[in-house]
>>> print(open('input12.txt').read())   # compact mmCIF, C-alpha atoms
# COMPACT_ATOMS: atom_id res chain seq x y z
CA MET A 16 0.00 0.00 0.00
CA LYS A 17 1.48 3.30 -1.07
CA ALA A 18 1.36 6.09 1.53
CA THR A 19 1.71 9.75 0.52
CA ILE A 20 1.88 12.62 3.00
CA LEU A 21 -0.30 15.40 1.57
CA TYR A 22 0.12 17.89 4.38
CA GLU A 23 2.21 18.15 7.52
CA ASP A 24 2.35 20.93 10.07
CA GLY A 25 3.62 19.79 13.46
CA ASP A 26 1.38 16.96 14.61
CA HIS A 27 -1.30 17.80 12.03
CA ARG A 28 -1.00 15.46 9.07
CA TRP A 29 -2.95 14.19 6.07
CA ILE A 30 -1.81 10.88 4.63
CA MET A 31 -3.26 9.27 1.54
CA PHE A 32 -3.19 5.48 1.10
CA GLY A 33 -3.78 3.81 -2.22
CA ARG A 34 -2.41 2.10 -5.33
CA ASP A 35 -1.97 -1.18 -3.46
CA PRO A 36 -0.01 -3.49 -5.77
CA GLY A 37 -1.48 -6.59 -4.12
CA THR A 38 -5.10 -5.71 -4.87
CA SER A 39 -6.86 -7.47 -7.71
CA ASP A 40 -7.34 -5.46 -10.91
CA THR A 41 -10.95 -6.59 -10.95
CA ILE A 42 -11.92 -4.35 -8.03
CA VAL A 43 -12.09 -0.60 -8.30
CA ASP A 44 -9.01 1.25 -6.99
CA THR A 45 -9.66 3.61 -4.08
CA ASN A 46 -7.92 6.35 -2.11
CA GLN A 47 -8.08 6.27 1.68
CA TYR A 48 -7.13 9.21 3.88
CA LEU A 49 -5.87 9.45 7.46
CA ILE A 50 -5.99 12.77 9.32
CA GLN A 51 -3.97 13.12 12.51
CA SER A 52 -3.93 15.95 15.01
CA GLY A 53 -2.40 15.61 18.45
CA ASP A 54 -3.15 12.14 19.77
CA GLU A 55 -6.23 11.68 17.64
CA ALA A 56 -6.77 10.29 14.19
CA ILE A 57 -9.65 9.66 11.81
CA LEU A 58 -9.66 7.35 8.82
CA LEU A 59 -11.76 8.58 5.90
CA ASP A 60 -13.49 6.02 3.68
CA PRO A 61 -11.49 3.05 5.03
CA GLY A 62 -12.19 0.92 1.94
CA GLY A 63 -13.49 -2.51 1.07
CA THR A 64 -12.95 -5.84 2.79
CA GLU A 65 -10.37 -6.89 0.22
CA LEU A 66 -8.24 -3.90 1.13
CA PHE A 67 -8.41 -4.27 4.89
CA ALA A 68 -5.16 -6.14 5.66
CA PRO A 69 -2.83 -3.87 3.63
CA MET A 70 -4.70 -0.82 4.93
CA LEU A 71 -4.33 -1.85 8.56
CA SER A 72 -0.59 -2.52 8.09
CA ALA A 73 -0.13 0.82 6.35
CA VAL A 74 -2.14 2.81 8.91
CA LEU A 75 -0.30 1.31 11.90
CA LYS A 76 2.96 2.63 10.47
CA TYR A 77 1.67 6.11 11.25
CA VAL A 78 -0.66 5.75 14.19
CA PRO A 79 -1.15 3.15 16.95
CA ALA A 80 -4.52 1.42 16.95
CA GLU A 81 -5.53 3.02 20.26
CA GLN A 82 -5.31 6.50 18.71
CA LEU A 83 -7.47 5.57 15.76
CA THR A 84 -10.85 5.96 17.38
CA ARG A 85 -12.77 7.51 14.51
CA LEU A 86 -13.84 6.29 11.12
CA PHE A 87 -15.73 8.22 8.49
CA ALA A 88 -17.81 6.85 5.62
CA SER A 89 -18.84 9.41 3.02
CA HIS A 90 -21.64 7.07 1.92
CA GLN A 91 -22.72 3.44 1.97
CA ASP A 92 -20.91 1.84 -0.98
CA PRO A 93 -18.87 -1.35 -0.49
CA ASP A 94 -15.64 0.20 -1.76
CA ILE A 95 -16.08 2.83 0.97
CA ILE A 96 -16.91 0.81 4.05
CA SER A 97 -17.42 -2.93 3.48
CA SER A 98 -14.31 -3.49 5.66
CA LEU A 99 -16.29 -2.20 8.65
CA GLY A 100 -16.76 -5.68 10.19
CA LEU A 101 -12.98 -6.09 10.33
CA TRP A 102 -12.22 -2.60 11.66
CA ASP A 103 -14.89 -3.36 14.24
CA GLN A 104 -12.70 -6.22 15.50
CA ALA A 105 -9.43 -4.32 15.19
CA LEU A 106 -10.32 -1.09 16.99
CA ASP A 107 -11.48 -0.64 20.57
CA HIS A 108 -13.90 2.19 21.35
CA ALA A 109 -14.23 3.36 17.74
CA THR A 110 -16.95 5.64 16.41
CA LEU A 111 -18.09 5.64 12.81
CA TYR A 112 -19.31 8.97 11.43
CA ALA A 113 -21.58 8.31 8.49
CA PRO A 114 -24.79 9.70 6.92
CA ASP A 115 -27.88 9.41 9.03
CA ILE A 116 -29.97 7.86 6.28
CA TRP A 117 -27.52 4.97 5.78
CA GLU A 118 -27.26 3.72 9.36
CA GLY A 119 -29.52 0.70 8.98
CA PHE A 120 -27.79 -0.20 5.72
CA ILE A 121 -24.19 0.24 6.78
CA ARG A 122 -24.80 -1.92 9.85
CA HIS A 123 -25.19 -4.82 7.40
CA PHE A 124 -21.39 -4.77 7.04
CA GLY A 125 -21.18 -5.84 10.69
CA MET A 126 -20.55 -3.64 13.70
CA THR A 127 -20.94 -4.93 17.21
CA ARG A 128 -18.38 -2.83 19.08
CA THR A 129 -18.25 0.34 17.02
CA ARG A 130 -20.58 3.25 17.77
CA TYR A 131 -22.51 4.77 14.85
CA HIS A 132 -22.61 8.56 14.95
CA ALA A 133 -25.23 9.61 12.42
CA ILE A 134 -24.34 12.79 10.54
CA PRO A 135 -27.50 14.85 10.03
CA ASP A 136 -28.37 15.98 6.51
CA GLU A 137 -27.14 19.51 7.17
CA GLY A 138 -23.66 18.27 8.13
CA MET A 139 -21.69 18.84 11.33
CA SER A 140 -18.27 19.76 12.67
CA LEU A 141 -15.88 17.50 14.54
CA THR A 142 -12.97 18.43 16.76
CA LEU A 143 -9.96 16.23 16.17
CA GLY A 144 -7.01 17.02 18.42
CA ARG A 145 -6.34 20.71 17.80
CA ILE A 146 -8.25 21.06 14.55
CA THR A 147 -11.87 21.21 13.49
CA LEU A 148 -13.19 19.26 10.54
CA GLN A 149 -16.43 19.95 8.72
CA PHE A 150 -18.59 17.19 7.27
CA VAL A 151 -19.91 19.04 4.24
CA PRO A 152 -23.18 17.86 2.64
CA ALA A 153 -22.72 16.48 -0.88
CA HIS A 154 -26.03 14.66 -1.22
CA TYR A 155 -26.73 13.05 -4.60
CA LEU A 156 -23.06 13.37 -5.52
CA HIS A 157 -23.42 10.52 -6.05
CA SER A 158 -25.22 8.90 -3.13
CA PRO A 159 -28.51 10.32 -1.75
CA GLY A 160 -26.81 10.63 1.65
CA ASN A 161 -23.25 11.82 1.07
CA PHE A 162 -20.66 13.96 2.87
CA HIS A 163 -17.25 15.40 2.10
CA VAL A 164 -14.63 16.39 4.69
CA TRP A 165 -13.22 19.90 4.83
CA ASP A 166 -10.12 20.80 6.81
CA ALA A 167 -9.85 24.61 6.70
CA LYS A 168 -6.39 24.68 8.32
CA ALA A 169 -4.86 22.34 5.75
CA GLY A 170 -7.04 23.65 2.92
CA ILE A 171 -7.91 20.08 1.91
CA LEU A 172 -11.34 18.90 0.79
CA MET A 173 -11.82 15.13 0.76
CA SER A 174 -14.34 15.19 -2.06
CA GLY A 175 -15.59 11.61 -2.21
CA ASN A 176 -16.55 10.71 -5.76
CA VAL A 177 -16.48 14.31 -6.99
CA GLY A 178 -13.28 15.00 -8.93
CA GLY A 179 -12.57 11.29 -9.24
CA THR A 180 -11.65 9.08 -12.16
CA MET A 181 -11.71 5.32 -12.68
CA GLU A 182 -8.10 5.01 -13.77
CA GLY A 183 -6.97 2.05 -11.70
CA LYS A 184 -3.72 1.42 -9.87
CA GLY A 185 -1.58 3.09 -12.51
CA ALA A 186 -3.05 6.55 -11.87
CA PRO A 187 -0.54 9.15 -10.72
CA ILE A 188 -1.12 10.64 -7.25
CA TRP A 189 -1.40 14.18 -8.65
CA VAL A 190 -3.09 15.43 -11.80
CA ASP A 191 -0.37 16.64 -14.10
CA ASP A 192 -2.30 18.38 -16.88
CA LEU A 193 -5.92 19.27 -16.04
CA ASP A 194 -6.98 19.75 -19.67
CA ARG A 195 -5.83 16.25 -20.51
CA HIS A 196 -7.33 14.88 -17.29
CA LEU A 197 -10.86 16.35 -17.58
CA PRO A 198 -12.03 14.06 -20.41
CA LYS A 199 -11.10 11.06 -18.23
CA MET A 200 -13.44 12.40 -15.54
CA ALA A 201 -16.40 13.06 -17.81
CA ARG A 202 -18.16 9.71 -17.95
CA PHE A 203 -17.70 9.00 -14.26
CA HIS A 204 -19.40 12.26 -13.30
CA GLN A 205 -22.07 12.10 -16.01
CA ARG A 206 -23.11 8.52 -15.22
CA TRP A 207 -22.70 8.39 -11.43
CA MET A 208 -24.02 11.84 -10.48
CA PRO A 209 -27.78 12.17 -10.91
CA SER A 210 -28.86 15.66 -9.82
CA GLU A 211 -28.16 18.97 -11.55
CA PRO A 212 -29.58 21.13 -8.67
CA ALA A 213 -27.47 19.16 -6.15
CA LYS A 214 -24.38 19.70 -8.28
CA GLN A 215 -24.94 23.46 -8.60
CA ASP A 216 -25.67 23.78 -4.88
CA TRP A 217 -22.47 21.92 -3.99
CA ILE A 218 -20.35 24.04 -6.37
CA ARG A 219 -21.79 27.23 -4.89
CA ARG A 220 -20.98 26.11 -1.35
CA VAL A 221 -17.43 24.84 -1.92
CA SER A 222 -16.34 27.62 -4.30
CA GLY A 223 -15.75 30.02 -1.44
CA LEU A 224 -13.81 27.63 0.78
CA GLY A 225 -10.36 28.36 -0.66
CA ILE A 226 -9.52 24.75 -1.45
CA LYS A 227 -5.80 24.06 -1.89
CA ILE A 228 -6.09 20.32 -2.45
CA MET A 229 -9.11 18.39 -3.68
CA ALA A 230 -8.74 14.77 -2.68
CA PRO A 231 -11.22 12.37 -4.33
CA GLN A 232 -11.82 8.76 -3.38
CA HIS A 233 -10.77 7.49 -6.84
CA GLY A 234 -7.96 8.60 -9.13
CA SER A 235 -5.57 11.53 -8.97
CA LEU A 236 -5.71 14.58 -6.69
CA LEU A 237 -6.11 18.19 -7.82
CA LYS A 238 -4.27 21.14 -6.36
CA GLY A 239 -4.05 24.92 -6.65
CA ALA A 240 -5.59 26.42 -9.78
CA GLN A 241 -6.66 22.96 -10.97
CA VAL A 242 -9.43 23.02 -8.34
CA ASP A 243 -11.06 26.15 -9.81
CA GLY A 244 -10.55 24.74 -13.29
CA PHE A 245 -12.37 21.59 -12.26
CA LEU A 246 -15.25 23.49 -10.63
CA ARG A 247 -15.78 25.60 -13.79
CA TRP A 248 -15.76 22.45 -15.94
CA PHE A 249 -18.10 20.58 -13.58
CA GLU A 250 -20.54 23.50 -13.56
CA GLN A 251 -21.01 23.11 -17.32
CA LEU A 252 -21.07 19.30 -17.39
CA LYS A 253 -24.41 17.67 -18.12
CA ILE A 254 -24.97 14.86 -15.63
CA GLY A 255 -27.52 12.10 -15.04
CA SER A 256 -26.66 10.56 -18.40
CA ALA A 257 -28.50 7.27 -17.87
CA VAL A 258 -31.91 8.95 -17.68
CA GLY A 259 -33.95 7.81 -20.67
CA SER A 260 -31.76 4.84 -21.45
CA SER A 261 -34.54 2.26 -20.95
CA LEU A 262 -35.39 -0.43 -23.49
CA ARG A 263 -37.72 0.80 -26.22
CA MET B 10 -10.67 -8.63 24.56
CA SER B 11 -7.41 -9.86 22.99
CA ALA B 12 -6.30 -8.29 19.74
CA PRO B 13 -7.08 -10.43 16.69
CA VAL B 14 -4.00 -11.96 15.02
CA PHE B 15 -4.40 -9.66 12.03
CA VAL B 16 -3.98 -6.63 14.29
CA THR B 17 -0.91 -8.14 15.99
CA ALA B 18 0.71 -8.97 12.65
CA ALA B 19 0.01 -5.48 11.31
CA GLY B 20 1.46 -4.00 14.52
CA ILE B 21 4.63 -6.08 14.11
CA SER B 22 4.89 -4.97 10.51
CA ALA B 23 4.65 -1.34 11.65
CA GLU B 24 7.41 -1.83 14.27
CA LEU B 25 9.70 -3.44 11.71
CA HIS B 26 9.01 -0.62 9.28
CA GLN B 27 10.22 1.84 11.94
CA ALA B 28 13.30 -0.34 12.61
CA MET B 29 14.05 -0.29 8.88
CA MET B 30 13.82 3.51 8.77
CA GLU B 31 16.21 3.75 11.73
CA ALA B 32 18.63 1.36 10.01
CA ARG B 33 18.62 3.63 6.96
CA GLY B 34 19.69 6.44 9.29
CA LEU B 35 22.43 4.17 10.62
CA ALA B 36 23.73 3.60 7.08
CA LEU B 37 23.91 7.37 6.64
CA THR B 38 25.78 7.72 9.93
CA ALA B 39 28.28 5.13 8.68
CA LYS B 40 28.89 7.16 5.52
CA ASN B 41 29.43 10.35 7.54
CA ALA B 42 31.76 8.49 9.89
CA ARG B 43 33.78 7.18 6.97
CA ALA B 44 34.13 10.65 5.43
CA LEU B 45 35.25 12.08 8.76
CA ALA B 46 37.69 9.23 9.38
CA VAL B 47 39.28 9.77 5.96
CA ARG B 48 39.72 13.47 6.72
CA ALA B 49 41.18 12.70 10.11
CA GLY B 50 43.88 10.48 8.61
CA SER B 51 46.08 8.00 10.46
CA ARG B 52 44.75 8.76 13.94
CA THR B 53 41.40 7.26 13.07
CA VAL B 54 42.42 4.11 11.21
CA GLY B 55 40.55 2.04 13.81
CA PHE B 56 37.40 4.09 13.44
CA ARG B 57 37.55 3.83 9.66
CA ALA B 58 37.61 0.05 9.92
CA ILE B 59 34.56 0.15 12.17
CA THR B 60 32.56 2.11 9.59
CA ASP B 61 32.66 -0.97 7.32
CA PHE B 62 31.02 -2.97 10.08
CA ILE B 63 28.41 -0.27 10.67
CA GLU B 64 27.47 -0.22 6.99
CA GLU B 65 27.26 -3.99 6.90
CA LEU B 66 25.18 -4.00 10.07
CA ALA B 67 22.78 -1.36 8.69
CA SER B 68 22.43 -3.32 5.47
CA ASN B 69 21.69 -6.53 7.38
CA ILE B 70 19.12 -4.86 9.60
CA ILE B 71 17.40 -3.25 6.59
CA SER B 72 17.30 -6.56 4.76
CA GLN B 73 16.01 -8.56 7.71
CA SER B 74 13.49 -5.90 8.73
CA ARG B 75 12.15 -5.88 5.19
CA THR B 76 11.81 -9.68 5.23
CA ILE B 77 9.99 -9.68 8.58
CA ASN B 78 7.85 -6.70 7.54
CA ASN B 79 6.74 -8.45 4.34
CA HIS B 80 6.12 -11.67 6.19
CA ALA B 81 4.07 -9.90 8.89
CA GLU B 82 1.95 -8.16 6.23
CA ALA B 83 1.29 -11.47 4.48
CA LEU B 84 0.46 -13.04 7.82
CA SER B 85 -2.00 -10.26 8.61
CA ASN B 86 -3.70 -11.02 5.30
CA THR B 87 -3.85 -14.75 6.12
CA ALA B 88 -5.29 -13.91 9.54
CA VAL B 89 -8.01 -11.77 7.94
CA ASN B 90 -8.88 -14.63 5.58
CA ALA B 91 -8.95 -17.07 8.51
CA TRP B 92 -11.25 -14.75 10.47
CA ARG B 93 -13.63 -14.34 7.54
CA THR B 94 -13.59 -18.08 6.82
CA GLU B 95 -14.28 -18.83 10.48
CA GLN B 96 -17.26 -16.46 10.46
CA ALA B 97 -18.66 -18.21 7.39
CA TYR B 98 -17.94 -21.67 8.81
CA ARG B 99 -19.72 -20.92 12.10
CA ARG B 100 -22.84 -19.85 10.26
CA LEU B 101 -22.81 -22.81 7.89
CA ALA B 102 -22.15 -25.24 10.74
CA ALA B 103 -25.11 -23.80 12.66
CA ILE B 104 -27.36 -24.39 9.65
CA CYS B 105 -26.05 -27.95 9.27
CA ALA B 106 -26.85 -28.58 12.94
CA SER B 107 -30.36 -27.15 12.57
CA ASP B 108 -33.52 -28.84 11.27
CA ALA B 109 -33.58 -26.83 8.04
CA ASN B 110 -35.24 -28.88 5.28
CA HIS B 111 -32.49 -28.47 2.73
CA LYS B 112 -29.53 -28.32 5.08
CA ALA B 113 -27.83 -31.17 3.19
CA SER B 114 -27.44 -28.83 0.22
CA VAL B 115 -24.90 -26.70 2.13
CA GLU B 116 -23.06 -29.52 3.90
CA PRO B 117 -20.37 -29.79 1.20
CA GLN B 118 -19.78 -26.03 1.45
CA ALA B 119 -19.57 -26.23 5.25
CA GLN B 120 -17.08 -29.08 4.92
CA ARG B 121 -15.00 -27.17 2.39
CA CYS B 122 -15.10 -24.10 4.58
CA GLY B 123 -13.96 -26.11 7.62
CA GLN B 124 -11.13 -27.63 5.63
CA GLN B 125 -10.06 -24.22 4.39
CA LEU B 126 -10.15 -22.91 7.95
CA ASP B 127 -7.88 -25.76 9.11
CA GLU B 128 -5.43 -24.98 6.32
CA LEU B 129 -5.42 -21.27 7.09
CA GLN B 130 -4.93 -21.89 10.80
CA THR B 131 -2.02 -24.22 10.09
CA GLU B 132 -0.52 -21.58 7.81
CA LEU B 133 -1.05 -19.02 10.54
CA GLN B 134 0.64 -21.15 13.20
CA GLN B 135 3.62 -21.82 10.94
CA GLY B 136 3.81 -18.17 10.01
CA LEU B 137 3.77 -17.04 13.63
CA ARG B 138 6.54 -19.50 14.51
CA TYR B 139 8.63 -18.25 11.59
CA LEU B 140 8.05 -14.67 12.73
CA LEU B 141 9.20 -15.55 16.24
CA ASP B 142 12.38 -17.16 14.85
CA GLN B 143 13.12 -14.16 12.66
CA LEU B 144 12.69 -11.74 15.54
CA GLU B 145 14.99 -13.89 17.68
CA GLU B 146 17.53 -13.87 14.86
CA SER B 147 17.39 -10.10 14.68
CA ARG B 148 18.55 -9.89 18.31
CA LYS B 149 22.00 -10.99 17.11
CA HIS B 150 22.21 -7.74 15.16
CA MET B 151 21.50 -5.83 18.35
CA ARG B 152 24.38 -7.52 20.12
CA THR B 153 26.64 -6.60 17.19
CA ALA B 154 25.34 -3.02 17.29
CA ASN B 155 26.24 -2.69 20.96
CA LEU B 156 29.73 -4.05 20.34
CA ILE B 157 30.22 -1.59 17.48
CA ALA B 158 28.96 1.30 19.59
CA THR B 159 31.41 0.41 22.39
CA SER B 160 34.33 0.05 19.96
CA SER B 161 33.41 3.38 18.36
CA ASN B 162 33.56 5.07 21.76
CA VAL B 163 36.99 3.58 22.43
CA GLU B 164 38.34 4.60 18.99
CA ALA B 165 36.85 8.10 19.28
CA ALA B 166 38.71 8.61 22.56
CA THR B 167 42.08 8.35 20.78
CA ALA B 168 41.22 10.52 17.75
CA GLY B 169 42.88 13.72 18.93
CA ASP B 170 41.27 16.82 17.37
CA PHE B 171 38.50 14.70 15.87
CA ARG B 172 37.59 13.15 19.18
CA GLU B 173 34.50 15.27 19.75
CA GLN B 174 33.04 14.72 16.29
CA LEU B 175 33.68 10.99 16.37
CA GLN B 176 32.21 10.84 19.86
CA VAL B 177 28.98 12.34 18.49
CA ILE B 178 28.92 9.67 15.79
CA ALA B 179 29.61 6.91 18.33
CA ASP B 180 26.76 8.20 20.52
CA ASN B 181 24.52 8.38 17.48
CA ILE B 182 25.25 4.72 16.66
CA ARG B 183 24.36 3.66 20.20
CA ALA B 184 21.16 5.74 20.25
CA THR B 185 20.05 4.41 16.87
CA ALA B 186 20.83 0.84 17.91
CA ASP B 187 18.79 1.38 21.08
CA ARG B 188 15.82 2.66 19.08
CA ILE B 189 16.02 -0.28 16.66
CA GLY B 190 16.23 -2.61 19.65
CA GLY B 191 13.15 -0.91 21.11
CA HIS B 192 11.13 -1.57 17.96
CA LEU B 193 12.26 -5.21 17.83
CA ASN B 194 11.41 -5.66 21.52
CA GLN B 195 7.98 -4.16 20.99
CA ALA B 196 7.40 -6.48 18.00
CA SER B 197 8.41 -9.47 20.15
CA ARG B 198 6.16 -8.33 22.99
CA LEU B 199 3.19 -8.09 20.62
CA LEU B 200 3.88 -11.56 19.29
CA ASN B 201 4.42 -13.15 22.71
CA ARG B 202 1.30 -11.52 24.14
CA ASN B 203 -0.75 -12.84 21.21
CA HIS B 204 0.81 -16.29 21.64
CA ARG B 205 -0.07 -16.35 25.37
CA GLU B 206 -3.62 -15.18 24.71
CA ARG B 207 -4.13 -17.80 22.00
CA GLN B 208 -2.87 -20.53 24.34
CA SER B 209 -5.11 -19.48 27.20
CA ALA B 210 -8.17 -19.09 24.93
>>> encode(input="input12.txt", output="structure tokens")
Amino acid sequence: MKATILYEDGDHRWIMFGRDPGTSDTIVDTNQYLIQSGDEAILLDPGGTELFAPMLSAVLKYVPAEQLTRLFASHQDPDIISSLGLWDQALDHATLYAPDIWEGFIRHFGMTRTRYHAIPDEGMSLTLGRITLQFVPAHYLHSPGNFHVWDAKAGILMSGNVGGTMEGKGAPIWVDDLDRHLPKMARFHQRWMPSEPAKQDWIRRVSGLGIKIMAPQHGSLLKGAQVDGFLRWFEQLKIGSAVGSSLR
Amino acid sequence: MSAPVFVTAAGISAELHQAMMEARGLALTAKNARALAVRAGSRTVGFRAITDFIEELASNIISQSRTINNHAEALSNTAVNAWRTEQAYRRLAAICASDANHKASVEPQAQRCGQQLDELQTELQQGLRYLLDQLEESRKHMRTANLIATSSNVEAATAGDFREQLQVIADNIRATADRIGGHLNQASRLLNRNHRERQSA
């Protein structure tokens, strides 16, 4: 499992995990993120069951299990949180922060020791060590109950599926050339994202945040001016492409 | 509750990763020591000879830590598979023991699952034993490191004008060796604790 430090300021760190060489090519490649501040840490979108063992090994290189007391699931998909039953065994006193509407569904992945903290539709803030994180609503992008994570101090937005691509394990960590990268993003956003009003609402809300790094759950990360470039492109992109594709 | 084997193995892997990073620092210290010894000339012939041993030691520790690290990661994966298989087996076995009308239709699967569980547990036991042996083996490196640190102190004491700088390097070697030893000890503690808990379970 490859680990990349995205941000470091004293004991405040963002680490991205992904591009695991041991994972089968038949499952979708994912990015996982660990945020540390002081003695506390949260793992964002911990990943699927197949990824659990390499993820646990990689995470413990940076933080002892007793400090990892928080998990976050942006939504309910298996590539996001199907490993929950295993994290449930590995971590004592852990709390999972996940969308309110998915609680009864996510519990199907198995959680007997972990506490479920339902994030209300309007979002919430969370204090982690010396920093405050915001769980930003991103409903219908793509899941009906969906949140992103904003760290104002680091200037990083963990943007779930938004800004992602399905490039597989060969994808570079950072987008090199946005103009060449945007076409690779098109189908993923058009097919997976269903709601134009939700998209416009999300763009309006995140545009003023001052994002330095946009960190999606699939594919390469965007930074600096690429973020604004992406937002302008996304604003124009027609989504919900499967509507009307029924048999005639 | 005792930590599952997959957590222990991942913890050991993390400790060995740290030991490997420290050993890389030791290799760098050896290079600095060599450069300084060359500059210092004939008064530090003894120290220069020691730098070869330090480099060799660092290389051995890196290599062995990498081996143990890889093995621990693979073992963690096996432990996860064993845990998942056990969960499935328990459920299938419960159905086979019930009065379900068509329970016979899952008996072959339950049998296969049980067999797979046996194989994975055997693999796990062998893997844990191998890990224990490898960690024991790595203790030899620690003894060598302590000898080198002591010799470095002795040689530094006779290095005239370079005494202070070589003393810093000698202290650095001892401190790094101590930190590596700490990680190896912690890895052994994790493994022994898991072993004890598995025996008493």
>>> interface_residues(input="input12.txt", of="chain B", to="chain A", cutoff="7 Å", atoms="all atoms listed in the file", output="list of chain:residue names")
B:Ala12, B:Pro13, B:Val16, B:Ala19, B:Gly20, B:Ser22, B:Ala23, B:His26, B:Glu82, B:Ser85, B:Asn86, B:Val89
>>> residues_around(input="input12.txt", residues="A:Met229", least_positions_apart="5", cutoff="7 Å", atoms="only C-alpha atoms", output="VMD selection string")
chain A and resid 171 to 174 236 to 238 242
>>> closest_residue(input="input12.txt", among="A:Thr19, A:Ser210, A:Ser98, A:Thr127", to="A:Asn46", atoms="only C-alpha atoms")
A:Thr19
>>> closest_residue(input="input12.txt", among="B:Thr38, B:Ser51, B:Ser74, B:Thr87", to="B:Gly136", atoms="all atoms listed in the file")
B:Thr87
>>> residues_around(input="input12.txt", residues="A:Gly144", least_positions_apart="4", cutoff="12 Å", atoms="all atoms listed in the file", output="PyMOL selection string")
chain A and resi 26-28+50-57+82-85+148
>>> closest_residue(input="input12.txt", among="B:Thr185, B:Gln73, B:Asn203, B:Ser197", to="B:Val14", atoms="only C-alpha atoms")
B:Asn203
>>> atom_distance(input="input12.txt", atom1="atom CA of B:Glu31", atom2="atom CA of B:Ile59")
18.7 Å
>>> residues_around(input="input12.txt", residues="A:Ser158", least_positions_apart="6", cutoff="9 Å", atoms="all atoms listed in the file", output="ChimeraX atom specification")
/A:89-92,207-209
>>> build_atoms(input="input12.txt", residues="stretch 124-135 of chain B", atoms="N, CA and C atoms", output="PDB file, in the frame of the given file")
ATOM      1  N   GLN B 124     -12.452 -27.177   6.096  1.00  0.00           N
ATOM      2  CA  GLN B 124     -11.130 -27.630   5.630  1.00  0.00           C
ATOM      3  C   GLN B 124     -10.226 -26.421   5.354  1.00  0.00           C
ATOM      4  N   GLN B 125     -10.812 -25.439   4.713  1.00  0.00           N
ATOM      5  CA  GLN B 125     -10.060 -24.220   4.390  1.00  0.00           C
ATOM      6  C   GLN B 125      -9.608 -23.513   5.672  1.00  0.00           C
ATOM      7  N   LEU B 126     -10.484 -23.535   6.661  1.00  0.00           N
ATOM      8  CA  LEU B 126     -10.150 -22.910   7.950  1.00  0.00           C
ATOM      9  C   LEU B 126      -8.972 -23.630   8.594  1.00  0.00           C
ATOM     10  N   ASP B 127      -8.995 -24.976   8.551  1.00  0.00           N
ATOM     11  CA  ASP B 127      -7.880 -25.760   9.110  1.00  0.00           C
ATOM     12  C   ASP B 127      -6.573 -25.376   8.423  1.00  0.00           C
ATOM     13  N   GLU B 128      -6.643 -25.298   7.086  1.00  0.00           N
ATOM     14  CA  GLU B 128      -5.430 -24.980   6.320  1.00  0.00           C
ATOM     15  C   GLU B 128      -4.904 -23.584   6.691  1.00  0.00           C
ATOM     16  N   LEU B 129      -5.840 -22.642   6.771  1.00  0.00           N
ATOM     17  CA  LEU B 129      -5.420 -21.270   7.090  1.00  0.00           C
ATOM     18  C   LEU B 129      -4.852 -21.181   8.501  1.00  0.00           C
ATOM     19  N   GLN B 130      -5.445 -21.933   9.426  1.00  0.00           N
ATOM     20  CA  GLN B 130      -4.930 -21.890  10.800  1.00  0.00           C
ATOM     21  C   GLN B 130      -3.555 -22.527  10.904  1.00  0.00           C
ATOM     22  N   THR B 131      -3.350 -23.603  10.120  1.00  0.00           N
ATOM     23  CA  THR B 131      -2.020 -24.220  10.090  1.00  0.00           C
ATOM     24  C   THR B 131      -1.009 -23.226   9.536  1.00  0.00           C
ATOM     25  N   GLU B 132      -1.397 -22.584   8.437  1.00  0.00           N
ATOM     26  CA  GLU B 132      -0.520 -21.580   7.810  1.00  0.00           C
ATOM     27  C   GLU B 132      -0.196 -20.450   8.797  1.00  0.00           C
ATOM     28  N   LEU B 133      -1.208 -20.088   9.549  1.00  0.00           N
ATOM     29  CA  LEU B 133      -1.050 -19.020  10.540  1.00  0.00           C
ATOM     30  C   LEU B 133      -0.077 -19.431  11.641  1.00  0.00           C
ATOM     31  N   GLN B 134      -0.240 -20.642  12.127  1.00  0.00           N
ATOM     32  CA  GLN B 134       0.640 -21.150  13.200  1.00  0.00           C
ATOM     33  C   GLN B 134       2.087 -21.179  12.710  1.00  0.00           C
ATOM     34  N   GLN B 135       2.263 -21.723  11.489  1.00  0.00           N
ATOM     35  CA  GLN B 135       3.620 -21.820  10.940  1.00  0.00           C
ATOM     36  C   GLN B 135       4.202 -20.421  10.748  1.00  0.00           C
TER      37      GLN B 135
END
